[in-house]
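run.csv, holding CSV, C-alpha atoms and all ligand atoms:
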chain,number,residue,atom,x,y,z
A,23,MET,CA,0.0,0.0,0.0
A,24,GLU,CA,2.6,2.5,1.1
A,25,GLU,CA,4.9,1.8,-1.9
A,26,LYS,CA,1.9,2.3,-4.3
A,27,ILE,CA,0.9,5.6,-2.8
A,28,LEU,CA,4.4,6.9,-2.6
A,29,THR,CA,4.9,6.4,-6.3
A,30,SER,CA,1.4,7.3,-7.3
A,31,GLY,CA,1.9,10.9,-6.0
A,32,ASN,CA,-1.3,12.3,-4.6
A,33,PRO,CA,-2.4,10.9,-1.2
A,34,LEU,CA,-5.2,13.5,-1.1
A,35,ALA,CA,-7.1,11.7,-3.8
A,36,LEU,CA,-7.5,8.8,-1.3
A,37,LEU,CA,-8.9,10.9,1.5
A,38,PRO,CA,-12.6,11.4,0.9
A,39,GLU,CA,-14.0,7.9,1.4
A,40,PRO,CA,-12.2,6.9,4.7
A,41,LEU,CA,-12.5,10.5,6.0
A,42,LEU,CA,-16.3,10.7,5.5
A,43,ALA,CA,-16.8,7.2,7.1
A,44,TRP,CA,-14.6,8.3,10.0
A,45,TYR,CA,-16.5,11.5,10.4
A,46,ARG,CA,-19.9,9.9,10.4
A,47,ALA,CA,-18.8,7.5,13.2
A,48,ASN,CA,-16.7,9.9,15.3
A,49,ALA,CA,-17.6,13.5,14.8
A,50,ARG,CA,-18.4,15.5,17.9
A,51,ASP,CA,-22.1,16.1,18.4
A,52,LEU,CA,-22.3,19.9,18.1
A,53,PRO,CA,-25.6,21.9,17.8
A,54,TRP,CA,-24.7,23.6,14.5
A,55,ARG,CA,-24.2,20.2,12.9
A,56,HIS,CA,-27.9,19.4,13.2
A,57,THR,CA,-29.1,22.1,10.9
A,58,ALA,CA,-28.9,23.2,7.3
A,59,ASP,CA,-30.3,26.6,8.2
A,60,PRO,CA,-27.8,29.1,6.8
A,61,TYR,CA,-28.5,31.6,9.7
A,62,ARG,CA,-27.6,29.1,12.4
A,63,ILE,CA,-24.5,27.8,10.5
A,64,TRP,CA,-23.4,31.4,9.9
A,65,VAL,CA,-23.7,32.4,13.6
A,66,SER,CA,-21.7,29.3,14.6
A,67,GLU,CA,-18.9,30.0,12.1
A,68,ILE,CA,-18.5,33.6,13.2
A,69,MET,CA,-18.5,32.6,16.8
A,70,LEU,CA,-15.9,29.9,16.2
A,71,GLN,CA,-13.4,32.3,14.6
A,72,GLN,CA,-10.5,32.5,17.0
A,73,THR,CA,-12.6,30.9,19.7
A,74,ARG,CA,-12.7,27.3,21.1
A,75,VAL,CA,-15.7,25.1,20.6
A,76,ALA,CA,-16.2,24.7,24.4
A,77,ALA,CA,-16.3,28.5,24.9
A,78,VAL,CA,-18.8,29.0,22.0
A,79,LEU,CA,-21.5,26.4,23.1
A,80,GLY,CA,-23.2,28.5,25.8
A,81,TYR,CA,-22.9,31.8,23.8
A,82,TYR,CA,-24.4,30.0,20.7
A,83,ALA,CA,-27.5,28.8,22.6
A,84,ARG,CA,-28.1,32.1,24.3
A,85,PHE,CA,-27.6,34.1,21.1
A,86,LEU,CA,-30.1,32.0,19.2
A,87,ALA,CA,-32.6,32.1,22.0
A,88,ALA,CA,-32.4,35.9,22.0
A,89,PHE,CA,-32.2,36.2,18.2
A,90,PRO,CA,-33.9,33.2,16.6
A,91,SER,CA,-33.9,34.5,13.1
A,92,VAL,CA,-31.9,36.8,10.9
A,93,GLU,CA,-34.7,39.4,11.1
A,94,ALA,CA,-34.5,39.3,14.9
A,95,LEU,CA,-30.8,39.9,14.8
A,96,ALA,CA,-31.3,42.7,12.3
A,97,ALA,CA,-33.7,44.5,14.7
A,98,ALA,CA,-31.7,43.9,17.9
A,99,PRO,CA,-30.7,46.8,20.0
A,100,GLU,CA,-26.9,47.3,19.9
A,101,ASP,CA,-26.5,47.1,23.7
A,102,ARG,CA,-28.3,43.8,23.9
A,103,LEU,CA,-26.2,42.4,21.1
A,104,MET,CA,-23.0,43.5,22.7
A,105,LYS,CA,-24.1,42.2,26.1
A,106,LEU,CA,-24.7,38.7,24.6
A,107,TRP,CA,-21.3,38.8,23.0
A,108,GLU,CA,-19.5,40.0,26.1
A,109,GLY,CA,-16.6,37.8,26.9
A,110,LEU,CA,-16.3,36.2,23.4
A,111,GLY,CA,-13.9,38.9,22.3
A,112,TYR,CA,-13.3,40.3,18.7
A,113,TYR,CA,-16.5,42.4,19.0
A,114,SER,CA,-16.3,43.6,15.4
A,115,ARG,CA,-17.7,40.1,14.6
A,116,ALA,CA,-20.9,40.9,16.4
A,117,ARG,CA,-21.2,44.3,14.7
A,118,ASN,CA,-20.6,42.7,11.3
A,119,LEU,CA,-23.2,40.0,12.0
A,120,GLN,CA,-25.8,42.6,12.6
A,121,ARG,CA,-24.7,44.7,9.5
A,122,ALA,CA,-24.9,41.5,7.4
A,123,ALA,CA,-28.3,40.6,9.0
A,124,ARG,CA,-29.7,44.0,8.0
A,125,GLN,CA,-28.4,43.5,4.4
A,126,ILE,CA,-29.8,40.0,4.2
A,127,THR,CA,-33.2,41.2,5.4
A,128,GLU,CA,-33.2,44.1,2.9
A,129,GLN,CA,-32.3,41.7,0.1
A,130,GLY,CA,-35.3,39.5,1.1
A,131,GLY,CA,-33.2,36.4,2.2
A,132,PHE,CA,-29.9,34.7,2.5
A,133,PRO,CA,-27.7,34.7,-0.6
A,134,ASP,CA,-27.4,31.1,-1.8
A,135,THR,CA,-24.2,31.5,-3.9
A,136,TYR,CA,-20.6,31.6,-2.8
A,137,GLN,CA,-20.1,35.1,-4.3
A,138,GLY,CA,-23.3,36.4,-2.7
A,139,LEU,CA,-22.1,35.2,0.7
A,140,LEU,CA,-18.7,36.6,0.2
A,141,ALA,CA,-20.2,40.0,-0.4
A,142,LEU,CA,-21.7,40.2,3.2
A,143,PRO,CA,-19.8,42.1,5.9
A,144,GLY,CA,-17.6,39.9,8.0
A,145,ILE,CA,-17.7,36.9,5.7
A,146,GLY,CA,-14.4,35.9,4.1
A,147,GLU,CA,-13.5,33.0,1.8
A,148,TYR,CA,-13.4,30.4,4.6
A,149,THR,CA,-16.8,31.4,6.1
A,150,ALA,CA,-18.4,31.7,2.6
A,151,GLY,CA,-17.2,28.2,1.8
A,152,ALA,CA,-18.4,26.7,5.1
A,153,ILE,CA,-21.9,28.2,4.7
A,154,ALA,CA,-22.1,27.4,1.0
A,155,SER,CA,-21.3,23.8,1.5
A,156,ALA,CA,-23.1,23.0,4.7
A,157,ALA,CA,-26.3,25.0,4.0
A,158,PHE,CA,-26.5,25.0,0.2
A,159,ASP,CA,-24.7,21.8,-0.8
A,160,LEU,CA,-22.3,23.8,-3.0
A,161,ARG,CA,-18.9,22.3,-3.8
A,162,GLU,CA,-16.9,25.1,-2.3
A,163,PRO,CA,-13.8,24.5,0.0
A,164,ALA,CA,-13.5,26.1,3.4
A,165,VAL,CA,-9.8,26.2,4.3
A,166,ASP,CA,-8.9,27.2,7.9
A,167,GLY,CA,-5.8,26.5,9.9
A,168,ASN,CA,-6.9,22.9,10.6
A,169,VAL,CA,-7.3,22.1,6.9
A,170,LEU,CA,-4.0,23.7,6.1
A,171,ARG,CA,-2.3,21.5,8.7
A,172,VAL,CA,-4.0,18.3,7.6
A,173,VAL,CA,-3.2,18.9,3.9
A,174,ALA,CA,0.5,19.9,4.6
A,175,ARG,CA,1.0,16.7,6.6
A,176,LEU,CA,-0.8,14.4,4.3
A,177,THR,CA,1.1,15.7,1.3
A,178,ASP,CA,4.4,16.3,3.2
A,179,CYS,CA,4.3,19.9,1.9
A,180,HIS,CA,6.9,22.2,3.4
A,181,ASP,CA,5.6,25.5,1.9
A,182,ASP,CA,4.9,28.3,4.3
A,183,ILE,CA,1.1,28.0,5.2
A,184,ALA,CA,1.0,31.7,6.1
A,185,ALA,CA,1.8,32.6,2.5
A,186,PRO,CA,-1.3,33.5,0.5
A,187,GLY,CA,-0.1,31.4,-2.5
A,188,THR,CA,0.0,28.3,-0.3
A,189,LYS,CA,-3.6,28.8,0.9
A,190,ARG,CA,-4.8,29.4,-2.6
A,191,ALA,CA,-3.1,26.1,-3.7
A,192,VAL,CA,-4.7,24.2,-0.8
A,193,GLN,CA,-8.1,25.7,-1.7
A,194,GLU,CA,-7.8,24.3,-5.2
A,195,GLN,CA,-6.6,20.9,-3.9
A,196,VAL,CA,-9.6,20.7,-1.6
A,197,ARG,CA,-12.0,21.8,-4.2
A,198,ALA,CA,-10.8,19.0,-6.5
A,199,LEU,CA,-11.5,16.5,-3.8
A,200,MET,CA,-15.0,17.6,-2.9
A,201,PRO,CA,-17.5,14.7,-3.3
A,202,GLU,CA,-20.5,14.9,-5.7
A,203,ALA,CA,-23.3,13.5,-3.5
A,204,GLU,CA,-25.2,16.3,-1.6
A,205,ALA,CA,-25.1,14.5,1.7
A,206,ASP,CA,-21.3,14.2,1.4
A,207,VAL,CA,-20.7,17.8,0.2
A,208,ARG,CA,-22.6,19.1,3.3
A,209,ILE,CA,-20.2,17.4,5.7
A,210,PHE,CA,-16.9,17.3,3.7
A,211,ASN,CA,-15.4,20.6,4.9
A,212,GLN,CA,-16.5,19.9,8.4
A,213,ALA,CA,-14.9,16.5,8.2
A,214,VAL,CA,-11.5,17.8,7.2
A,215,MET,CA,-11.7,20.4,9.9
A,216,GLU,CA,-12.8,17.9,12.5
A,217,LEU,CA,-9.8,15.7,11.6
A,218,GLY,CA,-7.5,18.6,12.2
A,219,ALA,CA,-9.2,19.6,15.4
A,220,THR,CA,-9.4,16.2,17.1
A,221,VAL,CA,-6.8,13.9,15.5
A,222,CYS,CA,-4.2,15.7,13.3
A,223,VAL,CA,-3.8,18.2,16.2
A,224,PRO,CA,-1.5,21.2,16.4
A,225,ASN,CA,1.2,21.8,18.9
A,226,GLY,CA,2.1,18.2,19.6
A,227,SER,CA,1.9,14.7,18.2
A,228,PRO,CA,-0.8,14.0,15.7
A,229,LYS,CA,-2.8,10.9,16.7
A,230,CYS,CA,-1.8,9.0,13.6
A,231,GLY,CA,-2.8,5.6,15.2
A,232,VAL,CA,-6.5,6.5,15.0
A,233,CYS,CA,-6.4,8.6,11.8
A,234,PRO,CA,-8.4,7.4,8.8
A,235,ALA,CA,-5.6,8.7,6.6
A,236,ARG,CA,-2.7,6.8,8.3
A,237,ASP,CA,-2.1,4.3,5.5
A,238,PHE,CA,-1.4,7.0,2.8
A,239,CYS,CA,-0.3,10.0,4.8
A,240,LEU,CA,3.1,11.1,3.5
A,241,GLY,CA,3.9,13.1,6.6
A,242,ARG,CA,3.4,10.0,8.8
A,243,ILE,CA,5.2,7.6,6.4
A,244,ARG,CA,8.2,9.9,6.0
A,245,GLY,CA,8.3,10.9,9.7
A,246,THR,CA,7.9,14.6,9.0
A,247,ALA,CA,4.3,15.1,10.3
A,248,GLU,CA,5.3,16.5,13.7
A,249,SER,CA,7.4,19.3,12.1
A,250,LEU,CA,4.6,20.3,9.8
A,251,PRO,CA,3.1,22.6,8.8
A,252,VAL,CA,5.8,25.2,8.2
A,253,LYS,CA,4.7,28.6,9.2
A,254,ALA,CA,6.8,31.8,9.0
A,255,ALA,CA,7.3,33.5,12.4
A,256,LYS,CA,4.8,36.2,13.1
A,257,LYS,CA,5.8,39.8,13.8
A,258,ALA,CA,6.2,40.4,17.5
A,259,ARG,CA,3.1,41.9,19.2
A,260,ARG,CA,3.2,45.6,20.0
A,261,VAL,CA,3.2,46.1,23.8
A,262,GLU,CA,1.1,49.0,25.2
A,263,GLU,CA,1.3,50.1,28.9
A,264,LYS,CA,-2.0,51.3,30.4
A,265,THR,CA,-3.2,52.5,33.8
A,266,VAL,CA,-6.8,51.5,34.6
A,267,PHE,CA,-8.9,53.2,37.3
A,268,LEU,CA,-11.6,51.7,39.4
A,269,LEU,CA,-13.1,55.0,40.6
A,270,LEU,CA,-15.7,54.5,43.4
A,271,ARG,CA,-18.2,57.1,44.5
A,272,LYS,CA,-21.2,56.5,46.8
A,273,GLY,CA,-21.5,52.8,45.9
A,274,LYS,CA,-21.1,53.4,42.2
A,275,ILE,CA,-18.2,52.9,39.8
A,276,ALA,CA,-17.1,55.0,36.8
A,277,LEU,CA,-17.5,53.7,33.3
A,278,ARG,CA,-17.0,55.3,30.0
A,279,ARG,CA,-17.8,54.3,26.4
A,280,ARG,CA,-15.0,53.7,24.0
A,281,PRO,CA,-14.9,55.5,20.6
A,282,ASP,CA,-17.1,54.2,17.8
A,283,THR,CA,-14.1,53.1,15.7
A,284,GLY,CA,-11.0,51.2,16.4
A,285,LEU,CA,-10.2,48.4,18.9
A,286,LEU,CA,-13.2,47.4,21.1
A,287,ALA,CA,-15.3,50.1,19.4
A,288,GLY,CA,-18.4,51.3,21.3
A,289,LEU,CA,-17.9,49.0,24.3
A,290,TRP,CA,-17.7,50.2,27.9
A,291,GLU,CA,-14.5,50.4,29.9
A,292,PHE,CA,-13.1,51.6,33.2
A,293,PRO,CA,-11.4,55.0,32.7
A,294,ASN,CA,-7.8,54.5,31.7
A,295,THR,CA,-4.7,56.3,30.5
A,296,GLU,CA,-1.6,55.5,28.5
A,297,GLY,CA,1.5,54.5,30.4
A,298,ALA,CA,2.2,52.8,33.7
A,299,LEU,CA,1.6,55.6,36.2
A,300,ASN,CA,2.9,55.7,39.7
A,301,GLU,CA,0.5,56.8,42.5
A,302,ALA,CA,1.4,60.5,42.2
A,303,GLU,CA,0.9,60.5,38.4
A,304,ALA,CA,-2.3,58.5,38.8
A,305,ALA,CA,-3.6,61.1,41.3
A,306,ALA,CA,-2.8,63.9,38.7
A,307,ALA,CA,-4.7,61.9,36.0
A,308,VAL,CA,-7.8,61.6,38.3
A,309,ARG,CA,-7.7,65.4,39.0
A,310,ALA,CA,-7.4,66.0,35.3
A,311,TRP,CA,-10.9,64.4,34.9
A,312,GLY,CA,-12.2,66.8,37.5
A,313,LEU,CA,-12.3,64.4,40.4
A,314,GLU,CA,-10.6,64.5,43.7
A,315,PRO,CA,-8.8,61.3,44.9
A,316,LYS,CA,-9.7,60.4,48.5
A,317,ALA,CA,-8.9,56.9,49.8
A,318,TRP,CA,-6.6,54.6,47.8
A,319,ARG,CA,-7.8,51.1,48.1
A,320,LYS,CA,-5.7,48.8,46.0
A,321,LYS,CA,-3.2,48.4,43.2
A,322,LEU,CA,-3.6,45.5,40.7
A,323,THR,CA,-1.9,44.6,37.5
A,324,ALA,CA,-3.2,42.6,34.6
A,325,LYS,CA,-2.3,41.6,31.0
A,326,HIS,CA,-4.4,41.1,28.0
A,327,ILE,CA,-3.2,39.7,24.6
A,328,PHE,CA,-5.0,40.7,21.4
A,329,THR,CA,-3.9,39.4,18.0
A,330,HIS,CA,-1.5,42.3,17.3
A,331,VAL,CA,-1.3,44.1,20.6
A,332,GLU,CA,-0.6,43.2,24.2
A,333,TRP,CA,-1.9,45.5,27.0
A,334,ARG,CA,0.1,45.5,30.2
A,335,MET,CA,-2.1,47.2,32.8
A,336,THR,CA,-1.4,48.9,36.1
A,337,GLY,CA,-4.6,49.4,38.0
A,338,TYR,CA,-5.8,51.5,40.9
A,339,ALA,CA,-9.0,51.2,42.9
A,340,LEU,CA,-9.8,54.3,44.8
A,341,GLU,CA,-12.6,56.5,46.2
A,342,ALA,CA,-13.0,59.8,44.5
A,343,ALA,CA,-15.2,62.9,44.9
A,344,GLY,CA,-16.8,64.7,41.9
A,345,GLU,CA,-18.6,63.8,38.7
A,346,GLY,CA,-16.1,63.7,35.9
A,347,PRO,CA,-17.1,62.8,32.3
A,348,PHE,CA,-18.3,59.3,33.4
A,349,LEU,CA,-21.3,57.2,33.7
A,350,TRP,CA,-21.6,56.0,37.4
A,351,ALA,CA,-22.9,52.5,37.6
A,352,ASP,CA,-24.0,50.5,40.6
A,353,GLY,CA,-23.7,46.6,40.6
A,354,ALA,CA,-26.9,46.2,38.5
A,355,GLY,CA,-25.7,49.0,36.1
A,356,LEU,CA,-22.4,47.3,35.6
A,357,GLU,CA,-24.1,44.1,34.6
A,358,THR,CA,-26.0,45.8,31.8
A,359,HIS,CA,-23.0,47.4,30.2
A,360,ALA,CA,-20.8,45.3,27.9
A,361,VAL,CA,-17.3,45.5,29.2
A,362,PRO,CA,-14.8,43.6,27.1
A,363,SER,CA,-12.8,40.7,28.6
A,364,ALA,CA,-9.6,42.7,28.2
A,365,PHE,CA,-10.7,44.3,31.5
A,366,ALA,CA,-11.8,41.0,33.1
A,367,ARG,CA,-9.6,41.2,36.2
A,368,TYR,CA,-10.8,44.8,36.8
A,369,TYR,CA,-14.4,43.8,36.2
A,370,GLU,CA,-14.2,41.1,38.8
A,371,GLU,CA,-12.6,43.5,41.3
A,372,ALA,CA,-15.2,46.2,40.5
A,373,ARG,CA,-18.0,43.7,41.2
A,374,ARG,CA,-16.4,42.7,44.5
A,375,LEU,CA,-15.9,46.3,45.6
A,376,LEU,CA,-19.6,47.2,44.7
A,377,GLU,CA,-20.7,44.2,46.6
A,378,GLU,CA,-18.8,45.4,49.6
A,379,GLU,CA,-20.4,48.8,49.4
A,380,ARG,CA,-24.0,47.4,49.5
B,401,LIG,FE1,-2.3,13.8,10.6
B,401,LIG,FE2,-1.1,11.5,11.3
B,401,LIG,FE3,-3.4,11.5,10.1
B,401,LIG,FE4,-1.2,12.1,8.8
B,401,LIG,S1,-1.7,10.2,9.7
B,401,LIG,S2,-3.2,13.2,8.6
B,401,LIG,S3,-0.1,13.3,10.3
B,401,LIG,S4,-3.0,12.4,12.1
Could you show the structure in this file as structure tokens?
Amino acid sequence: MEEKILTSGNPLALLPEPLLAWYRANARDLPWRHTADPYRIWVSEIMLQQTRVAAVLGYYARFLAAFPSVEALAAAPEDRLMKLWEGLGYYSRARNLQRAARQITEQGGFPDTYQGLLALPGIGEYTAGAIASAAFDLREPAVDGNVLRVVARLTDCHDDIAAPGTKRAVQEQVRALMPEAEADVRIFNQAVMELGATVCVPNGSPKCGVCPARDFCLGRIRGTAESLPVKAAKKARRVEEKTVFLLLRKGKIALRRRPDTGLLAGLWEFPNTEGALNEAEAAAAVRAWGLEPKAWRKKLTAKHIFTHVEWRMTGYALEAAGEGPFLWADGAGLETHAVPSAFARYYEEARRLLEEER
């Protein structure tokens, strides 16, 4: 078998049949796999971008309970939408979902072509392919990091998977493999991704012993699988220092809304400034907002990593007098404002402090 495959060239051609049989017997039972409704598939795909399946499950159920249709999402108040997304991160995903939902509603329904899907806000080639195949039985590939890894190992390909040319080539290879039968098309992309997520796993040894491709996988046969895929080193993240203030006044805490554009646009945050300020500098910053620092309670540091930026935060909790340009929220008020998880440590501390004040 191995000799034949090694000389015949393309191990990918042998993949569909054993892969689909393996998927039908072994795939994880996930709610979005029980539907062909493009809306439900689309919401799951957007939530799963940069987010683990286990983290998505609860959000997915709550989101669909609140917005059971594309029309309901289109009409949702922004604050409610953001609150339901709170903690998932990458908030532009939620905004784009709603923009796209409005576009779909205006158009009178979901586009049922790859190009039509691609034209919607927040939908790139991968997501368009995933929806096109799972909801509309179209033979369109959906190539994510899992698929790139599986294909690189199967074909013993050492090209840089971060290069656009490599991705393009893999898309064409996967397209050529896509089965004809509708029931198979619907699950094929999912099956390759599932193999990558659960068997041909990243950052460690692939579980070749239980893999449906083990007999013809060139990476396994040649012993290169663990060093694949090749990925050029990313640029280092930019580090930004910040000082975050938990300003307390009469059982309430200061919040402010972030600008409508840029990182975490339109979400709520604790007042903060650039730089790691010492206590004297922090007091000056508080006065600059028109407040008078009174009792200093606590200093606490935290870190949050975004894709391209890392925030290193110094935090102060203190009582202050005055109004300042802020919204003052009690415990219940804090709950109703979407504060991104970048401030998670401060959010927990704020809840604790407000609890103490009650
Ligand atoms: Fe990945 Fe191993 Fe399967 Fe090859 S045999 S696809 S390396 S898990």
Show me, as JSON, numbers by chain, the residues that have an atom within 6 Å of region 339-349 of chain A when counting all atoms listed in the file, minus same-chain residues fewer than 5 positions from it. {"A": [267, 268, 269, 270, 271, 276, 277, 278, 311, 312, 313, 314, 315, 316, 317, 318, 319, 320]}
Residues within 8 Å of ligand LIG 401 (chain B) (all atoms listed in the file), as number ranges by chain? A: 171-173, 175-176, 217-218, 221-223, 228-242, 247-248
Write out as a compact mmCIF listing (two decimals) with C-alpha atoms, keeping the file's coordinate frame which residues come within 9 Å of region 361-373 of chain A when counting all atoms listed in the file, dropping same-chain ones fewer than 6 positions away.
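Printed below is part33.txt as written:
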# COMPACT_ATOMS: atom_id res chain seq x y z
CA MET A 104 -23.00 43.50 22.70
CA LYS A 105 -24.10 42.20 26.10
CA GLU A 108 -19.50 40.00 26.10
CA GLY A 109 -16.60 37.80 26.90
CA LEU A 110 -16.30 36.20 23.40
CA GLY A 111 -13.90 38.90 22.30
CA TYR A 113 -16.50 42.40 19.00
CA VAL A 266 -6.80 51.50 34.60
CA PHE A 267 -8.90 53.20 37.30
CA LEU A 268 -11.60 51.70 39.40
CA LEU A 270 -15.70 54.50 43.40
CA ILE A 275 -18.20 52.90 39.80
CA LEU A 286 -13.20 47.40 21.10
CA LEU A 289 -17.90 49.00 24.30
CA TRP A 290 -17.70 50.20 27.90
CA GLU A 291 -14.50 50.40 29.90
CA PHE A 292 -13.10 51.60 33.20
CA LEU A 322 -3.60 45.50 40.70
CA THR A 323 -1.90 44.60 37.50
CA ALA A 324 -3.20 42.60 34.60
CA LYS A 325 -2.30 41.60 31.00
CA HIS A 326 -4.40 41.10 28.00
CA ILE A 327 -3.20 39.70 24.60
CA PHE A 328 -5.00 40.70 21.40
CA TRP A 333 -1.90 45.50 27.00
CA GLY A 337 -4.60 49.40 38.00
CA ALA A 339 -9.00 51.20 42.90
CA GLY A 353 -23.70 46.60 40.60
Which polymer residues have any atom within 9 Å of an atom of Gln212 (chain A), counting all atoms listed in the file, with same-chain residues fewer than 6 positions away left out, as a list in words? Tyr45, Arg55, Ala152, Ala156 and Ala164 of chain A
Residues near Leu106 (chain A), anyone? I mean within 10 Å using only C-alpha atoms, not counting same-chain ones fewer than 3 positions away, as a ChimeraX atom specification. /A:81-82,84-85,88,101-103,109-110,116,360
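Here CA of Leu79 (chain A) is placed at a distance of 9.0 Å from CA of Ser66 (chain A).
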Do you have the CA of Thr295 (chain A)-CA of Lys264 (chain A) distance handy? 5.7 Å
All residues 12 Å or closer to region 130-147 of chain A, all atoms listed in the file, same chain fewer than 4 positions away omitted, as a PDB file with C-alpha atoms, in the frame of the given file:
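So the final result, stored in selection35.pdb, reads:
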ATOM      1  CA  ASP A  59     -30.300  26.600   8.200  1.00  0.00           C
ATOM      2  CA  PRO A  60     -27.800  29.100   6.800  1.00  0.00           C
ATOM      3  CA  TYR A  61     -28.500  31.600   9.700  1.00  0.00           C
ATOM      4  CA  ARG A  62     -27.600  29.100  12.400  1.00  0.00           C
ATOM      5  CA  ILE A  63     -24.500  27.800  10.500  1.00  0.00           C
ATOM      6  CA  TRP A  64     -23.400  31.400   9.900  1.00  0.00           C
ATOM      7  CA  VAL A  65     -23.700  32.400  13.600  1.00  0.00           C
ATOM      8  CA  GLU A  67     -18.900  30.000  12.100  1.00  0.00           C
ATOM      9  CA  ILE A  68     -18.500  33.600  13.200  1.00  0.00           C
ATOM     10  CA  MET A  69     -18.500  32.600  16.800  1.00  0.00           C
ATOM     11  CA  GLN A  71     -13.400  32.300  14.600  1.00  0.00           C
ATOM     12  CA  SER A  91     -33.900  34.500  13.100  1.00  0.00           C
ATOM     13  CA  VAL A  92     -31.900  36.800  10.900  1.00  0.00           C
ATOM     14  CA  GLU A  93     -34.700  39.400  11.100  1.00  0.00           C
ATOM     15  CA  TYR A 112     -13.300  40.300  18.700  1.00  0.00           C
ATOM     16  CA  TYR A 113     -16.500  42.400  19.000  1.00  0.00           C
ATOM     17  CA  SER A 114     -16.300  43.600  15.400  1.00  0.00           C
ATOM     18  CA  ARG A 115     -17.700  40.100  14.600  1.00  0.00           C
ATOM     19  CA  ALA A 116     -20.900  40.900  16.400  1.00  0.00           C
ATOM     20  CA  ARG A 117     -21.200  44.300  14.700  1.00  0.00           C
ATOM     21  CA  ASN A 118     -20.600  42.700  11.300  1.00  0.00           C
ATOM     22  CA  LEU A 119     -23.200  40.000  12.000  1.00  0.00           C
ATOM     23  CA  GLN A 120     -25.800  42.600  12.600  1.00  0.00           C
ATOM     24  CA  ARG A 121     -24.700  44.700   9.500  1.00  0.00           C
ATOM     25  CA  ALA A 122     -24.900  41.500   7.400  1.00  0.00           C
ATOM     26  CA  ALA A 123     -28.300  40.600   9.000  1.00  0.00           C
ATOM     27  CA  ARG A 124     -29.700  44.000   8.000  1.00  0.00           C
ATOM     28  CA  GLN A 125     -28.400  43.500   4.400  1.00  0.00           C
ATOM     29  CA  ILE A 126     -29.800  40.000   4.200  1.00  0.00           C
ATOM     30  CA  GLY A 151     -17.200  28.200   1.800  1.00  0.00           C
ATOM     31  CA  ALA A 152     -18.400  26.700   5.100  1.00  0.00           C
ATOM     32  CA  ILE A 153     -21.900  28.200   4.700  1.00  0.00           C
ATOM     33  CA  ALA A 154     -22.100  27.400   1.000  1.00  0.00           C
ATOM     34  CA  SER A 155     -21.300  23.800   1.500  1.00  0.00           C
ATOM     35  CA  ALA A 156     -23.100  23.000   4.700  1.00  0.00           C
ATOM     36  CA  ALA A 157     -26.300  25.000   4.000  1.00  0.00           C
ATOM     37  CA  PHE A 158     -26.500  25.000   0.200  1.00  0.00           C
ATOM     38  CA  ASP A 159     -24.700  21.800  -0.800  1.00  0.00           C
ATOM     39  CA  LEU A 160     -22.300  23.800  -3.000  1.00  0.00           C
ATOM     40  CA  ARG A 161     -18.900  22.300  -3.800  1.00  0.00           C
ATOM     41  CA  GLU A 162     -16.900  25.100  -2.300  1.00  0.00           C
ATOM     42  CA  PRO A 163     -13.800  24.500   0.000  1.00  0.00           C
ATOM     43  CA  ALA A 164     -13.500  26.100   3.400  1.00  0.00           C
ATOM     44  CA  VAL A 165      -9.800  26.200   4.300  1.00  0.00           C
ATOM     45  CA  ASP A 166      -8.900  27.200   7.900  1.00  0.00           C
ATOM     46  CA  LYS A 189      -3.600  28.800   0.900  1.00  0.00           C
ATOM     47  CA  ARG A 190      -4.800  29.400  -2.600  1.00  0.00           C
ATOM     48  CA  GLN A 193      -8.100  25.700  -1.700  1.00  0.00           C
TER      49      GLN A 193
END
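Taking only C-alpha atoms into account, Glu377 (chain A) lies nearest to A:Gly273 out of the set A:Gly273, A:Gly297, A:Leu95, A:Glu303.
The residue that comes closest to Glu263 (chain A), out of A:Ala310, A:Ala298, A:Asp352, A:Pro201 and on the basis of all atoms listed in the file, is A:Ala298.
Comparing A:Asn211, A:Ser227, A:Thr336, A:Thr283 by their smallest distance to Thr265 (chain A), the closest is A:Thr336 (using all atoms listed in the file).
Here CA of Pro186 (chain A) and CA of Ala77 (chain A) stand 29.1 Å from one another.
Distances to Arg260 (chain A) were evaluated for A:His56, A:Arg334, A:Arg208, A:His359 using only C-alpha atoms, and the minimum falls at A:Arg334.
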